[in-house]
Each structure stands twice: as C-alpha cells, then as structure tokens.
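The structure under discussion appears below in the form of structure tokens.
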Amino acid sequence: MTDTMRSAENPGLAPIPGPTPPPIAGPALVAAAVPVVELRGVVKEYAGGVRALDGVDLTIGEGELVGIVGPSGSGKSTLLHIIGTLDRPTAGTVAIAGHHVASLTDRRLSALRARHIGFVFQAFHLAPGVSAVDNVAEGLLYSGLPRARRRRLATEALARVGLADRARHRPHELSGGQKQRVAIARAVVGQPDLLLADEPTGALDTASGEAVMELLHALNQEGATIAVITHDTEIAQRLPRTVRIRDGKVVADSARGKVVV
Amino acid sequence: MPGRRKRTASQATERQAVALTARRLGPRDVLHVGSAGLRSRPVRVVLSALGIAIGIATMIAVVGISASSQAQLLQRLDALGTNMLVAKPGEGMFSGQEVKLPKDAVGMVGRIEGVEKAGASGDLQHTVRRSQMIPEAETGGISVKAASLGLLGVLRGTTASGTWLNAANGRYPSVVLGHVAAERLGIDRPGRQVWIDDRYFTVVGILDPLPLAPEIERSALVGWESAQRLLGFDGHPTAVYERSTDASVRQVQRLLAPTIDPQNPQNVSVSDPSEVLKAKAATEGAFSTLLLGLGGIALLVGGVGVANTMIISVLERRHEIGLRRSLGATRGQIRIQFVTESLMLSGLGGIAGVAMGAAATAVYASTGGLPWVVPPWAAGAGFVATLAIGSVAGLYPAVRAARQSPTLALAAA
Ligand SMILES: Nc1ncnc2c1ncn2[C@@H]1O[C@H](COP(=O)(O)OP(=O)(O)O)[C@@H](O)[C@H]1O
Ligand SMILES: [Mg+2]
C-alpha cells in the first residue's frame with residue numbers, strides 16, 4: 001500500500017506496525033502499553049437527530065501521527081472533540097491515556113485536558129493584544145505550575161517552533177503561519193500525551209501550511225502522539241496513517257487496512 | 001525537549017494511576033484572567049464603571065458634606081469649650097413662688113474646687129430703645145441685663161468693637177450690646193446712645209457672637225453697680241456662669257446647686273449650654289436620606305450596566321471560553337474568571353466613585369470654609385457595596401459562560 005511505501009521512503013518516521021506500540025518500546029512492554037486513544041462503538045447524536053458519529057472504533061497508540069480525513073460534515077470535528085473530551089458520546093466508550101471518560105466528572109475531565117491533551121484549531125484562537133510568549137504560557141495556566149516556570153517553559157516551546165525571535169510580538173504582528181506555530185507551541189508546552197489539531201492548515205497558504213505540517217511531523221518524531229484533521233489530500237498522503245470518515249463512520253483506516261491485508 | 005515524550009509502557013501505567021485533580025488558580029492568576037477582558041476593552045470599562053462611580057460619588061458626597069458640617073460645629077464647640085455650666089433659679093417648691101439666687105452666688109461658686117472663673121447676669125424689666133421717641137412696646141426681643149465684670153471672660157467672649165464693661169466706664173451710664181441686640185437696634189459702632197428706663201446710656205462696646213450664650217447675644221448689658229444705682233436692680237443674679245477645669249466638670253455640676261442654695265438645692269437649676277450645640281451637631285450629621293436614595297438608584301442603574309456589559313462580554317468571548325476549557329479550565333474556573341472581571345469592573349467604579357465623592361466634598365468644604373471630612377466607614381461601605389453589586393451582576397453571566405459547551409464555543413470562527 002501507499003502508506004508502506006511512504007514509511008519506507010521516509011526513514012525518519014518509525015514504521016508503525018499496529019495501533020499501540022511506540023517505536024522505542026520493547027516487545028515485552030508492548031502488550032502492557034495503554035493506547036493513548038481508545039474508542040469503542042462511539043455514537044454522537046446532536047439534538048435534532050443528527051447522527052454525527054455512528055459506531056466509531058478507533059485506537060491510537062503512543063507516538064502515532066494519524067490523519068483524519070473525510071468530506072465536510074462527515075463528523076471529523078465531532079470525533080476530535082470526543083477524543084479531546086470536550087464532548088461526551090451518546091453511546092460507546094472513550095478512554096484517553098487509560099482514563100475512561102464516562103466515569104470522570106467534568107472537573108476531572110478538565111484536569112485530563114490540562115495534563116494530557118493539547119489542541120490546535122483552524123482559527124488559532126490566540127488572545128489578541130497578548131504577546132506570543134504569554135499566549136503560549138496560557139497553555140499551562142491550568143496546570144498548577146508556578147508562574148515563572150510557565151513562562152520559562154513557554155519561552156522554550158516558542159523556541160521549539162522556531163519563533164524565539166517573535167516572543168514579544170502580538171498576534172496581529174505575526175503571519176498566519178506564525179500564529180499557528182504559536183498555537184502549536186501553546187498546545188505542546190505542557191507535553192501532552194496527545195495533540196489534536198482540527199484543520200490546522202485550513203486558514204493558511206500552502207507554504208505556511210507546509211511549515212506547520214513539517215513542525216507536526218518533527219514533534220511526532222520526538223515522540224508526540226498526534227491526530228490531525230485535514231482536507232488537503234496532499235498533506236494526508238504524507239501522513240503515516242489516515243483514517244477516513246464518511247457519514248459518521250470509519251470507512252477506511254490505513255493502519256487497520258494494512259493489518260487486515 | 002526532543003525525546004522527552006518517549007516513555008516506557010510501565011511509566012505510562014504509573015502515570016495513569018495519578019489521580020486527575022484540577023489545579024487551583026492562584027490569586028495572581030485569577031486576577032490575570034479576570035482582568036484580561038478589561039484590558040482589551042478600556043473604553044467600555046470606563047463607560048460601564050461610570051454608572052457605579054456616579055452612584056458611589058453621590059453617596060460619599062452626601063455623607064461627606066454632612067460630616068464636614070458636623071465637624072465644623074464640633075470644632076467650634078471645641079473652641080468654645082464644654083466646661084461651662086450655668087446655674088439659674090429653678091421652679092420654686094410651690095408653683096409661682098419666686099426663687100432668687102443669693103447675691104454672693106458668684107463668690108460661692110468661685111470657691112468650688114475646680115472652678116476657674118465665674119460671672120453672673122441679672123435680668124432687668126427695662127427695655128432698650130434707639131431713642132425716647134420709640135414706643136416702649138417695641139423691644140425687638142432685646143432684654144436689659146446687669147452683667148458682672150467677669151462675665152465675658154467666663155463666656156470666652158470678645159468685643160467686635162469698643163470695650164467690655166470695666167470699673168471706669170461702669171461709673172457712667174454705659175452699656176455693652178450683644179451682637180444680635182446691636183443689629184436689631186441698628187448700632188454698628190460704640191459711641192452711640194440708647195434709651196433705657198429714663199436716661200440715655202452710651203454704647204461702649206459691641207460683642208462678637210456667643211454661641212454658648214444666645215441670651216447674652218440678645219441683651220444690652222449694664223454694669224452690676226450702675227444697674228443697682230440707676231435701674232433699681234436688686235443685686236440677685238438670675239444666671240451664674242462658671243468655667244471649670246475639664247476634669248472637674250461633672251463634680252462641679254453636682255456641687256453647684258448645693259453650694260448656691262444649701263437649704264433648697266432643688267431651687268437651683270444647672271444646665272450645660274454645650275449640650276445644645278452637641279445636639280445640633282448630631283442633627284447636622286444626619287444626612288439627607290432623599291439624596292442618599294438618589295445615590296442608591298444611580299448605583300443600582302450602574303449595577304445593571306455592569307451586568308449588561310458582562311453578558312455582552314460572555315457572548316463575545318465564546319471562543320476564548322472554549323479555548324480555556326480546552327486548555328483545562330474547569331467550569332468553576334470560568335465562573336471565577338467572569339465574576340472576577342465583574343468585581344474588578346464595579347470595584348474600579350467604586351474606587352473612582354469614592355475619589356469623585358471625596359473631591360466633591362472637598363470642593364463644597366473649601367467654598368463653605370468647612371473642614372474636609374469623608375468618614376472612612378462611608379468610603380468602606382461604598383466600596384463594599386460596589387463589590388456586592390459586582391458579584392451579583394457578574395454571577396449570572398459567569399454561570400452562563402461556565403455552562404457554555406466548549407465545542408460550540410470553538411465552532412465557527
Ligand atoms: N453542535 C451541533 N449541533 C448539531 N449538529 C451538529 C453540531 N456540530 C456538528 N453538527 C452536525 O454534525 C455533523 C458533523 O459535523 P462535524 O463534526 O463538524 O463535521 P466535519 O468537521 O467533518 O465537517 C454535521 O452534519 C453537522 O451539521
Ligand atoms: Mg470540522
């Protein structure tokens with residue numbers, strides 16, 4: 001399959017044989033490893049009877065970089081929100097980093113998000129009038145870390161996304177691509193187990209979009225588990241695993257397909 | 001950073017065992033998130049804090065102005081002293097019985113321990129007129145009294161012009177006018193003559209106001225001996241004034257009546273003229289409830305304005321709320337953020353209001369020559385009121401913000 005070829009072409013990316021094991025884990029530990037995301041029979045119905053998700057099974061293992069693709073309105077964002085515990089499923093089970101979402105209160109879910117999940121949005125959602133480094137530091141606001149530490153980590157994260165020289169700039173002084181990189185720094189500053197991105201390149205020109213995707217690839221190589229929604233088939237083709245959604249159902253999963261084949 | 005995410009599976013399970021507990025925001029962080037919305041919209045902050053500020057300013061000014069008036073009275077009272085007592089003939093044992101103070105009452109009172117000065121006045125039945133031609137009935141409310149030489153000293157009075165009665169001018173028909181008496185007679189300087197009984201008396205002095213002895217202000221005062229010699233005064237004082245040390249006032253008050261009339265102390269009534277001024281000061285201190293009510297209404301309208309601003313703020317910041325929820329903010333933390341914002345908004349109004357009210361009081365006080373007083377309790381109460389308003393106004397918007405679905409808040413840019 002194309003995915004296998006792509007992995008072979010790109011030796012920097014660890015080949016991903018199945019949903020669970022991260023590249024460095026030995027075979028004995030693989031069995032014990034807890035998947036970062038585990039969805040079983042997830043259904044999401046909105047008021048008014050729209051069935052945005054219709055029995056989704058999805059497992060994402062540590063260190064994976066998964067693309068979620070599908071036509072508009074197919075339920076990609078809904079899926080990402082449920083994975084990100086911003087919403088609860090109507091039916092089915094969701095486990096994130098081993099925590100069963102159904103058994104957690106809203107407070108604990110918030111703590112789960114603060115500690116384990118980072119989000120990147122198409123619209124960046126940076127605070128206007130606030131410097132890049134302070135925007136990144138907001139990513140740790142609810143972590144319980146002391147202020148000075150949050151700022152230091154934010155500075156580091158900003159350097160990691162290549163914007164060390166833009167720390168004092170405010171969002172309106174940054175390009176779209178730079179804004180999205182600030183947003184990515186904010187999402188990863190707390191070293192989450194899982195980074196979720198909903199069309200992060202949707203509002204960017206091709207070059208900026210490529211830079212953002214390169215950054216996500218690099219973060220993945222450093223060990224980050226990432227799920228990214230994308231419209232762009234070119235971008236999707238470069239991802240090691242893609243999950244295709246249509247009408248709320250998973251219609252293709254390159255990883256599973258490979259296992260099955 | 002590279003590699004730090006690489007963990008073994010056992011570490012992952014270990015980590016999973018760590019209980020998920022939401023961390024509290026420190027006070028600084030609460031202030032930080034609470035002020036974020038305000039910092040980005042300064043004009044709106046000023047306008048919506050203004051209502052609160054006007055309400056608080058009105059209330060502070062009402063309270064401050066009455067407190068300043070009261071402070072002036074108390075200051076004056078302090079200058080006049082609260083250590084003067086007056087003894088007068090009381091009601092007799094049997095009604096209608098005329099009671100007289102002994103002729104030497106001043107001397108007796110002067111010997112009481114603690115008494116520093118004593119003086120007396122004696123009422124006369126005569127009238128005083130500008131001239132013989134004016135009918136006797138037109139007294140203008142002015143009485144004629146005999147005054148002891150020491151009287152003015154006891155009263156801490158001063159002459160506006162001329163001199164007080166003394167041994168020299170006492171030998172001739174001389175009179176000193178209280179300032180009300182002088183005004184009513186239309187006499188503005190010494191040297192003029194007034195008609196008492198059957199002769200002209202020369203005005204030798206006019207007194208300054210005597211807030212502690214309004215009866216003297218309305219009198220024409222003749223020397224003790226002249227009154228006896230020329231006007232048939234019997235020499236019995238009708239009022240004995242004494243000034244004591246501050247410490248002995250209560251003691252002297254107890255001893256006055258038995259000293260003046262050991263047999264029938266109930267025939268002597270003792271009063272403290274400063275009590276009247278104190279009572280007046282108390283009523284000056286009572287502020288207008290109507291104005292206070294107006295301030296309250298302004299405050300209420302201000303509170304509605306803050307609530308309105310907060311609701312708009314929550315609607316406008318749906319994305320921010322969704323983002324914060326995605327970053328791990330609990331519903332409680334979102335609530336606290338908006339309640340804090342509301343508290344800061346109304347608190348700013350409160351601080352501005354206290355400052356404006358204090359400034360208004362200062363302007364009033366300086367134009368009226370009053371001391372500037374803003375009671376700290378009023379400033380404190382005003383500020384507490386704004387905080388109460390802020391929390392009430394912010395509560396509903398904050399609850400709405402916290403209830404908002406984070407996914408909806410993040411949908412559609
Ligand atoms: N909050 C909501 N209420 C009702 N319907 C919704 C809501 N969010 C999404 N939907 C519907 O659910 C379906 C999936 O939406 P979404 O997950 O946003 O799709 P995608 O991200 O793939 O474009 C669509 O039909 C959409 O109209
Ligand atoms: Mg979408």
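Just remember, in the structure tokens the first chain shown is A, the second B, etc., residues are 1-based per chain, and ligands are 1-based in the order shown.
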Would you mind listing, for every residue of chain A within 6 Å of ligand 1, the two atoms forming the shortest contact and the distance between them in Å to one decimal, using only C-alpha atoms and all ligand atoms, sorted by chain and ascending residue number, as CSV?
residue,atom,partner,partner_atom_place_in_ligand_line,distance
A:Tyr46,CA,ligand 1,4 (C),4.7
A:Ala47,CA,ligand 1,4 (C),6.0
A:Val50,CA,ligand 1,5 (N),5.8
A:Ala52,CA,ligand 1,12 (O),4.2
A:Ser72,CA,ligand 1,23 (O),3.8
A:Gly73,CA,ligand 1,23 (O),3.4
A:Ser74,CA,ligand 1,22 (O),4.0
A:Gly75,CA,ligand 1,17 (O),3.2
A:Lys76,CA,ligand 1,22 (O),3.7
A:Ser77,CA,ligand 1,21 (O),3.6
A:Thr78,CA,ligand 1,17 (O),3.7
Please identify all residues of chain A having at least one atom at most 6 Å from any atom of chain B, considering only C-alpha atoms, and return them as a VMD selection string. chain A and resid 29 33 107 to 108 110 to 111 113 to 114 123 139 142 144 222 to 223
Create the file for the chosen residues now, containing N, CA and C atoms and written as an mmCIF file, in the first residue's frame.
data_model
loop_
_atom_site.group_PDB
_atom_site.id
_atom_site.type_symbol
_atom_site.label_atom_id
_atom_site.label_comp_id
_atom_site.auth_asym_id
_atom_site.auth_seq_id
_atom_site.Cartn_x
_atom_site.Cartn_y
_atom_site.Cartn_z
ATOM 1 N N LEU A 29 7.035 -4.945 26.597
ATOM 2 C CA LEU A 29 6.252 -3.824 27.112
ATOM 3 C C LEU A 29 5.085 -3.490 26.207
ATOM 4 N N ALA A 33 1.402 -1.731 27.188
ATOM 5 C CA ALA A 33 1.202 -0.318 26.888
ATOM 6 C C ALA A 33 -0.279 0.003 26.719
ATOM 7 N N ARG A 107 -14.989 18.146 36.191
ATOM 8 C CA ARG A 107 -13.754 18.659 36.808
ATOM 9 C C ARG A 107 -12.550 17.804 36.450
ATOM 10 N N ARG A 108 -12.751 16.490 36.555
ATOM 11 C CA ARG A 108 -11.629 15.585 36.259
ATOM 12 C C ARG A 108 -11.315 15.595 34.768
ATOM 13 N N SER A 110 -11.563 18.162 32.920
ATOM 14 C CA SER A 110 -10.773 19.388 32.722
ATOM 15 C C SER A 110 -9.327 19.129 33.082
ATOM 16 N N ALA A 111 -9.114 18.416 34.193
ATOM 17 C CA ALA A 111 -7.754 18.089 34.614
ATOM 18 C C ALA A 111 -7.080 17.194 33.580
ATOM 19 N N ARG A 113 -7.685 17.176 30.383
ATOM 20 C CA ARG A 113 -7.303 18.031 29.253
ATOM 21 C C ARG A 113 -6.073 18.858 29.590
ATOM 22 N N ALA A 114 -6.054 19.384 30.822
ATOM 23 C CA ALA A 114 -4.921 20.226 31.212
ATOM 24 C C ALA A 114 -3.627 19.433 31.158
ATOM 25 N N ALA A 123 -8.684 28.254 13.546
ATOM 26 C CA ALA A 123 -8.743 29.710 13.732
ATOM 27 C C ALA A 123 -7.746 30.218 14.775
ATOM 28 N N GLY A 139 -1.197 28.144 27.875
ATOM 29 C CA GLY A 139 -1.347 26.701 27.746
ATOM 30 C C GLY A 139 -1.063 25.957 29.034
ATOM 31 N N TYR A 142 -3.660 26.280 33.566
ATOM 32 C CA TYR A 142 -4.492 25.416 34.405
ATOM 33 C C TYR A 142 -3.750 24.153 34.849
ATOM 34 N N GLY A 144 -1.286 24.143 37.181
ATOM 35 C CA GLY A 144 -0.845 24.210 38.564
ATOM 36 C C GLY A 144 0.626 24.550 38.707
ATOM 37 N N GLU A 222 9.741 13.325 17.661
ATOM 38 C CA GLU A 222 10.253 13.441 19.024
ATOM 39 C C GLU A 222 9.401 12.652 20.004
ATOM 40 N N GLY A 223 8.332 12.037 19.506
ATOM 41 C CA GLY A 223 7.555 11.153 20.371
ATOM 42 C C GLY A 223 6.117 11.554 20.578
#
By how many Å are CA of Arg166 (chain A) and CA of Asp193 (chain A) apart? 26.6 Å
With only C-alpha atoms as the counted atoms, please give the residues lying no more than 9 Å from Pro211 (chain B), apart from itself and same-chain residues fewer than 4 positions off, as a list of chain:residue names.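 Residues meeting the cut-off are B:Leu77, B:Leu80, B:Glu217, B:Pro273, B:Ser274, B:Leu277.
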Given the selection you just returned, output its residues as a file containing N, CA and C atoms, formatted as a PDB file, in the first residue's frame.
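As written to disk, out06.pdb reads:
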ATOM      1  N   LEU B  77     -17.366  73.972  68.774  1.00  0.00           N
ATOM      2  CA  LEU B  77     -17.717  73.596  70.139  1.00  0.00           C
ATOM      3  C   LEU B  77     -16.451  73.367  70.956  1.00  0.00           C
ATOM      4  N   LEU B  80     -15.129  76.630  71.910  1.00  0.00           N
ATOM      5  CA  LEU B  80     -15.950  77.266  72.947  1.00  0.00           C
ATOM      6  C   LEU B  80     -15.782  76.562  74.282  1.00  0.00           C
ATOM      7  N   GLU B 217     -26.306  87.335  73.718  1.00  0.00           N
ATOM      8  CA  GLU B 217     -26.228  87.949  72.385  1.00  0.00           C
ATOM      9  C   GLU B 217     -27.398  88.908  72.151  1.00  0.00           C
ATOM     10  N   PRO B 273     -24.738  74.510  78.443  1.00  0.00           N
ATOM     11  CA  PRO B 273     -25.118  75.046  77.128  1.00  0.00           C
ATOM     12  C   PRO B 273     -24.486  74.284  75.959  1.00  0.00           C
ATOM     13  N   SER B 274     -23.372  73.617  76.206  1.00  0.00           N
ATOM     14  CA  SER B 274     -22.725  72.902  75.089  1.00  0.00           C
ATOM     15  C   SER B 274     -23.581  71.730  74.622  1.00  0.00           C
ATOM     16  N   LEU B 277     -25.473  72.659  71.531  1.00  0.00           N
ATOM     17  CA  LEU B 277     -24.653  72.633  70.318  1.00  0.00           C
ATOM     18  C   LEU B 277     -24.349  71.201  69.895  1.00  0.00           C
TER      19      LEU B 277
END
Counting only C-alpha atoms, which of A:Leu39, A:Ile184, A:Leu195, A:Leu239 gets nearest to Ala227 (chain A)? A:Leu195
I'd like the neighbourhood of Ala359 (chain B) as a list of chain:residue names, where a residue qualifies if any of its atoms comes within 9 Å (using only C-alpha atoms), though same-chain residues fewer than 5 positions away should be ignored.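 Contacts, with the query itself left out: B:Ala57, B:Ala61, B:Val354, B:Tyr364.
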Convert the current residue selection to file output with N, CA and C atoms, as an mmCIF file, in the first residue's frame.
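Once written, out-v6.cif looks like this:
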data_model
loop_
_atom_site.group_PDB
_atom_site.id
_atom_site.type_symbol
_atom_site.label_atom_id
_atom_site.label_comp_id
_atom_site.auth_asym_id
_atom_site.auth_seq_id
_atom_site.Cartn_x
_atom_site.Cartn_y
_atom_site.Cartn_z
ATOM 1 N N ALA B 57 -20.228 58.124 44.181
ATOM 2 C CA ALA B 57 -19.808 59.505 44.403
ATOM 3 C C ALA B 57 -20.919 60.302 45.077
ATOM 4 N N ALA B 61 -20.521 61.922 48.697
ATOM 5 C CA ALA B 61 -20.630 63.375 48.830
ATOM 6 C C ALA B 61 -21.694 63.741 49.858
ATOM 7 N N VAL B 354 -15.537 56.799 45.013
ATOM 8 C CA VAL B 354 -15.068 57.305 46.307
ATOM 9 C C VAL B 354 -14.203 58.546 46.078
ATOM 10 N N TYR B 364 -16.971 71.455 48.155
ATOM 11 C CA TYR B 364 -18.016 72.042 48.990
ATOM 12 C C TYR B 364 -17.416 72.602 50.265
#
Residues of region 11-164 of chain A in strand (DSSP E or B), written as a PyMOL selection string: chain A and resi 37-46+50-60+65-69+91-96+99-100+117-121
Restricting the calculation to only C-alpha atoms and all ligand atoms: of A:Val250, A:Ala197, A:Leu104, A:Leu174, which residue gets closest to ligand 2?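 Closest to ligand 2, using only C-alpha atoms and all ligand atoms: A:Ala197.
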Would you kindly return, as a count of residues only, each protein, DNA or RNA residue with an atom no farther than 7 Å from any atom of Ile196 (chain B), considering only C-alpha atoms and excluding same-chain residues fewer than 5 positions away? 5
d(CA of Glu225 (chain B), CA of Leu151 (chain B)) in Å: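 Computing the Euclidean distance for CA of Glu225 (chain B) and CA of Leu151 (chain B) yields 14.1 Å.
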Quick one: residues within 6 Å of region 239-249 of chain B, only C-alpha atoms counted, chain neighbours fewer than 6 positions away excluded, as a compact mmCIF listing (two decimals) with C-alpha atoms, in the first residue's frame?
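Done, and the output landed in selection25.txt:
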# COMPACT_ATOMS: atom_id res chain seq x y z
CA ASN B 83 -16.54 73.03 80.54
CA MET B 84 -19.01 75.85 81.13
CA LEU B 85 -22.12 75.44 83.28
CA VAL B 86 -24.96 77.84 84.02
CA ALA B 87 -26.95 77.97 87.24
CA LYS B 88 -30.35 79.65 87.20
CA GLY B 114 -12.01 73.15 90.03
CA VAL B 115 -13.90 76.34 89.16
CA GLU B 116 -11.59 78.73 87.37
CA LYS B 117 -13.87 81.60 86.52
CA ALA B 118 -17.36 82.68 87.44
CA GLY B 119 -19.60 85.52 86.35
CA ALA B 120 -23.24 86.47 86.50
CA SER B 121 -26.02 88.30 84.78
CA VAL B 154 -16.32 83.08 81.55
